[in-house]
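Before any comments, here is the structure.
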Amino acid sequence: MANGIHTEQTFEAAIELALLNGGGYVNGYSNDFDVSLGIFPGYVTNFLKTTQPKEWQKINTIHKTEVEKKVLNRLLKELDLRGSLDVLRNGFTDYGVKFKMAYFKPESSLNPTAAELYNKNHLSVTRQLFYERKGNNSIDMVLSLNGLPIVTIELKNQFTGQDITNAKKQYVYDREPTEPIFQFKKRTLVHFAVDTDECYMTTKLDGKHTRYLPFNLGNNNGAGNPTNYTSYRTSYLWEYVWAKDSFIDIIAKFLHLSVEEFEFNGVTKVKETIVFPRYHQMEVVRKVSDNARMLGTGHNYLIQHSAGSGKSNSIAWLSYRLSSLHDANNNRIFDSVIVITDRKVLDNQLQNTIYQFEHKQGVVQKIDKDSQQLADAITSGSNIIITTLQKFPFILDKIGELPKRKYAVVIDEAHSSQGGEATKKMKEILAAKSLEEAEIDESFSGLDEDAEDAIRKSMEARGKQENLSFFAFTATPKAKTVEVFGTPGADGKPKPFHLYSMRQAIEEGFILDVLRNYTTYKTFYKLSKQIEDDPDVNKKQAARAISRFLSLHPHNLAQKTEVMVEHFRQVVAKKIGGKAKAMVVTSSRLHAVRYKEEFDNYIAIRGYNDIKTIVAFSGKVVYDAYPDGVTEVDLNGFKEKELPKKFNTDEYQLLLVADKYQTGFDQPLLHTMYVDKKLSGVKAVQTLSRLNRMCAGKDDTFVLDFANETEEILNSFQPYYELTTVESTTDPNHLYDLETEIKKARVIWDTEVDNFCNVFFKHTKALSPAEQGKLNAYVDPAVDRYKQLPAEQTKNDTLSAEATQEGFKNALQSFVRLYSFLTQIMPFTDVNLEKLYTYGKFLLRKLPRNANDRFQLGDEVSLEYYRLQKVAENNILMEPQGEYGLDGKNEAGIRMSKEERAALSEIIEVLNKRFSTEFNDADKLYFDQIEEAVASADKIELQAQTNTFENFLFAFDDVFMDSLISRMEQNQDIFSKILDDKEFGELVKKMIARRVYNRFNKKVA
């Protein structure tokens, strides 16, 4: 302690030393700082005199002895009027004499003078800067450029018992935002709270309303920073981010002032925000542009950034960077940058952001007319061209006609926010249909084919073009997208060029975990006793009617409506300071209309005046109540484009949707989602992710799911939790390679695997408590050995990667996933692999992982005509897995169990061929269950053995219908088709009858 090794001052000194020795800084002194002006006056005038002597001489002639005072007064007025960022970029003018306040690094080396002036920038680091006009408080550290303070830093050293939390509180409670140095946008632009492990930053001090954002590297695809074996975990700040080239580059090409206008009671309000890049945004822009500078055109880049991670800003920054990129020979890398997006917000953001960089109009050209306008822009080499997805095939053709010109195509997340029109146009592109045909084709909902597929297919159809590079941003890449856009890793597998994972975004508190409070409900219908007991009721007709109206049954919708409305009023309405909103995801446009009717009717009957609905669907819905059709505009009473704005007001709380607003819709007040639609894969992730946006007072979300199982949703999210790759499944021998890697860590012992499997496979029924205890006893030692492994590999140790916790777990997870997948497509007879797979599955479940609290919903809801049974109320835990391999045939990842590997039955094959259906293994199970139910019916065996097949059919008919009705809920699609399609139903009945008849007559089917 005597030497100060544990103090905050030691931490400060280490940072200062690094900035002075290698960061391009000089010492700044608190005595040189003018507290009332909020600048270093002497540093400013010295910079102006040194770098612009001719201009200084001119102004000296005008102001004479008061030159310094008057120039500084002019500068201060401009800082107060325009802000320090604008002044730094564009200088200021005094009596017609224009001064620059910073020199930015030139894009090429063609102008030696520009490089010389860049080196004359004056960067200073000041420790313990006293800033108060009345008082004696000091800031730990301030970074300044040419006399203007840009960055303030509060430091904490954990050895003193304080950490990042204390640094944040110090800004909130001890730093008065009205002091000149802290005044928003007029002086300092960003404030860092730093300890030895973590870093957070904010661009506006606003007392207890100050919002901090994480500025960390990420650690194993999660939050925080990795271990630094030679220095502090946060040393990247002063060694890289704050170093001269990086620091000035951030001011020149990242920082920007976002201006939003809001209308309130007829008065327009303006909200200004200074946007400072988060670390992952800064890193992706720099890494991608550096790689493009080095390799030139003809390359693809996939950027997998989590939803809500600021992709719009990343795209704007990258587009500008690519448009001005030069190679080592001072040649432009790209003649034009083409940005493909369907989001108007990105239109405005690109225009505004790049205008601040260039301070001139026309850098960004928006294509809002026809293809000729686009062709002219491409041919003339406009700097940045922004256009829509629908013109993508045309763009590829046009670029192909200009082989000597080089283009960068930046693709915004390939999912339209509005559904409807955009998806119809995508369908038109993909299927070469007319727009009218696409509108008629309601079966296309974007689930199977979306914008991502349209882009990929257009690219594949034209082949690789060497004068073209693609930069694709997405949070949920499909397997084929990874294959096309991904960058091959050391193992040859394609993977994203850059990752900001869902896991890291959640752990950093930047987005919310939408699976944290997830509850599934399953519907069980009680069929009318009349169908079973009343001989006058035609079972087939009754069953067909029930099938047709089952999901739209008035009572069904009414009772679900009651559940949702009451849950919203009792629980959700109190969230986010009483401003929380909810979305109801319906399975079709007709469902959306019917739900709208039910909600409004229920709300009116109950006399509720604190809840109001909006509905969103495309086109016109025709049904009994609306024989001429009804649109969302008819039901809502306002224009379609006004919906997001209306929903943002206090008037509306519930948004009922059918395919619209399930992707790309940002409403931070959206807290709860009621799901009455089957969701899987990318669609599930995109839909539920509408809830993840943060806002003040929002600390959780809630999902109430009427249609999906917990496992299905988890399987949909897991591939996108961390890095999404494509798992190689072509070489079964890779299993043996993984087995070797797993055993290197010496965590798993063969004797324990054998003992475990001897117990596990001993009985087909449930294990006894004693036997289950034995299984744990054989797994727990491996868990203990795992805990003894180092968390990760160091730079200097000689351990193999598998001899670390991270390496071992990744290898075992890869083995389990790959074995499970391969057993479905080829037979395995290796007993040792089967035993390792079984043991490994259970070991993975016991390896340490983070646990989260569970959310309790309340009492079950019991209803007279049917009941909603709470099947699972879960905090669904996505497990850190490093990379997650997507199977191109199964977008949700390789998650199928080996029990599902049987070939399709003859019934499935016949039906698929004859009726062009797409029944799968799950449907096979349904047919098998019907067959077994019929075969076990009373007297059916005797009837089969004592009748011809034709006579047997008469007895079979009633038994078949009873079995079908009793299982109608398990597969409503097949049930409805059997009843509604006479030919199909007769064929299914006869095929199952033949199988049952042959079974009891010992004949080959």
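Ordered as shown in the structure tokens, chains take letters A, B, and onward, while each chain numbers its residues from 1 and ligands are numbered from 1 in the order shown.
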
Find the residues around segment 565-578 of chain A up to 9 Å (only C-alpha atoms counted), leave out those fewer than 3 positions away in its own chain, and share them as a CSV table (one decimal) with C-alpha atoms, in the first residue's frame.
```
chain,number,residue,atom,x,y,z
A,560,LYS,CA,-58.5,-17.1,-25.4
A,561,THR,CA,-59.6,-13.5,-25.7
A,562,GLU,CA,-60.7,-13.5,-22.1
A,581,LYS,CA,-48.2,-2.8,-24.9
A,582,ALA,CA,-48.8,-6.3,-26.2
A,599,PHE,CA,-61.5,-8.4,-28.4
A,602,TYR,CA,-65.3,-8.5,-24.9
A,603,ILE,CA,-63.9,-5.1,-24.0
A,610,ASP,CA,-58.3,1.4,-20.6
A,611,ILE,CA,-57.6,-1.0,-23.4
A,653,GLN,CA,-52.5,-1.1,-26.1
A,654,LEU,CA,-52.9,-4.3,-28.2
A,669,LEU,CA,-43.0,-0.4,-25.2
A,671,HIS,CA,-43.7,-6.0,-23.4
A,672,THR,CA,-45.9,-9.0,-23.9
A,695,CYS,CA,-36.5,1.4,-22.8
A,696,ALA,CA,-36.6,3.2,-19.5
A,697,GLY,CA,-38.6,1.2,-16.9
A,698,LYS,CA,-38.6,-2.0,-19.0
A,699,ASP,CA,-36.8,-4.8,-17.2
A,700,ASP,CA,-38.5,-7.9,-18.5
A,702,PHE,CA,-43.5,-12.0,-21.2
A,857,LEU,CA,-47.8,-16.4,-14.0
```

Taking the DSSP secondary structure from the backbone, can you list the residues of segment 66-241 of chain A that are strand (DSSP E or B), as a ChimeraX atom specification?
/A:92-94,97-99,123-130,138-145,148-155,190-194,199-202,206,208,213-214,219,222

Quick one: residues within 12 Å of Ala377 of chain A, only C-alpha atoms counted, chain neighbours fewer than 6 positions away excluded, as a list in words?
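The contact residues come out as Asp335, Ser336, Val337, Ile338, Gly362, Val363, Val364, Gln365, Lys366, Ile367, Asp368, Lys369, Asp370, Ser371, Asn383, Ile384, Ile385, Ile386, Thr387, Ile395, Lys398, Ile399 and Tyr407 of chain A.
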
Would you list the contacts of Phe952 of chain A as a PyMOL selection string, taking every protein, DNA or RNA residue within 7 Å and counting only C-alpha atoms, but skipping same-chain residues closer than 5 positions in sequence?
chain A and resi 943-944+947

Measure the distance from atom CA of Val988 of chain A to atom CA of Glu941 of chain A in Å and round it to one decimal.
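Rounded to one decimal, the two atoms are 19.6 Å apart.
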
Between atom CA of Met201 of chain A and atom CA of Val514 of chain A, what is the spacing in Å?
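Pair atom CA of Val514 of chain A / atom CA of Met201 of chain A returns 25.1 Å.
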
Expressed in Å to a single decimal, how great is the separation between atom CA of Val190 of chain A and atom CA of Ile153 of chain A?
8.8 Å

Give me the residues within 8 Å of Phe276 of chain A as a PyMOL selection string, counting only C-alpha atoms and dropping any in the same chain fewer than 4 places off.
chain A and resi 190+203+254-256

Which residue out of A:Leu143, A:Val621, A:Leu396, A:Leu318 has the minimum interatomic distance to Ile354 of chain A when only C-alpha atoms are used?
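Of A:Leu143, A:Val621, A:Leu396, A:Leu318, the one nearest Ile354 of chain A is A:Leu318, counting only C-alpha atoms.
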
I want to know what sits within 12 Å of Ile181 of chain A, based on only C-alpha atoms, with residues of the same chain fewer than 3 positions away left out; could you give that as number ranges by chain?
A: 33-40, 79-80, 84, 129-133, 138-139, 142-144, 148-152, 175-178, 184-191, 204-205

Would you save the residues from that selection as a short mmCIF file (atom, residue, chain, number, x, y, z; two decimals), in the first residue's frame, using C-alpha atoms?
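Below you can see again.cif, which holds the result:
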```cif
data_model
loop_
_atom_site.label_atom_id
_atom_site.label_comp_id
_atom_site.auth_asym_id
_atom_site.auth_seq_id
_atom_site.Cartn_x
_atom_site.Cartn_y
_atom_site.Cartn_z
CA PHE A 33 -8.10 24.74 -18.41
CA ASP A 34 -10.56 27.64 -18.24
CA VAL A 35 -13.38 26.40 -16.03
CA SER A 36 -15.90 29.03 -17.12
CA LEU A 37 -15.20 28.55 -20.85
CA GLY A 38 -14.87 24.77 -20.71
CA ILE A 39 -11.82 24.69 -23.03
CA PHE A 40 -8.00 24.96 -22.96
CA LEU A 79 -19.51 25.75 -30.09
CA ASP A 80 -22.66 26.85 -28.27
CA SER A 84 -18.20 20.81 -30.78
CA LEU A 129 -8.83 18.12 -14.13
CA PHE A 130 -10.64 20.59 -11.85
CA TYR A 131 -13.74 21.68 -13.74
CA GLU A 132 -16.21 23.38 -11.36
CA ARG A 133 -16.95 27.10 -11.38
CA SER A 138 -12.03 16.98 -10.37
CA ILE A 139 -12.40 14.44 -13.16
CA VAL A 142 -9.83 14.17 -19.79
CA LEU A 143 -8.79 13.64 -23.43
CA SER A 144 -8.72 16.76 -25.61
CA LEU A 148 -11.35 21.16 -26.99
CA PRO A 149 -12.21 18.51 -24.36
CA ILE A 150 -13.75 15.47 -26.05
CA VAL A 151 -13.70 12.62 -23.52
CA THR A 152 -14.06 12.51 -19.74
CA ARG A 175 -21.10 15.66 -11.76
CA GLU A 176 -23.39 18.60 -12.50
CA PRO A 177 -24.47 18.48 -16.19
CA THR A 178 -24.74 22.28 -16.33
CA PHE A 184 -24.50 18.31 -23.94
CA LYS A 185 -22.89 18.51 -27.41
CA LYS A 186 -21.25 21.88 -26.65
CA ARG A 187 -18.03 20.52 -25.15
CA THR A 188 -17.22 16.91 -24.22
CA LEU A 189 -18.93 14.35 -26.44
CA VAL A 190 -18.57 11.09 -24.50
CA HIS A 191 -18.03 10.01 -20.90
CA LYS A 204 -25.17 12.72 -22.21
CA LEU A 205 -24.97 13.30 -18.47
#
```

Choose the residue, out of A:Lys70, A:Lys478, A:Lys596, A:Lys134, that has the smallest atom-to-atom separation from Thr631 of chain A; count only C-alpha atoms.
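When distances to Thr631 of chain A are compared using only C-alpha atoms, the smallest one comes from A:Lys596.
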
Mind checking DSSP for segment 286-348 of chain A and telling me the helix (DSSP H, G or I) residues as a list in words?
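Helix (DSSP H, G or I) assignments inside segment 286-348 of chain A correspond to Arg286, Lys287, Val288, Ser289, Asp290, Asn291, Ala292, Arg293, Met294, Leu295, Lys311, Ser312, Asn313, Ser314, Ile315, Ala316, Trp317, Leu318, Ser319, Tyr320, Arg321, Leu322, Ser323, Lys344, Val345, Leu346, Asp347 and Asn348 of chain A.
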
List the neighbours of Lys678 of chain A out to 9 Å using only C-alpha atoms; skip same-chain residues closer than 5 positions along the sequence, and give me the result as a list in words.
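Listing them by chain and then by number gives Ser587, Ala684, Phe706, Ala707 and Asn708 of chain A.
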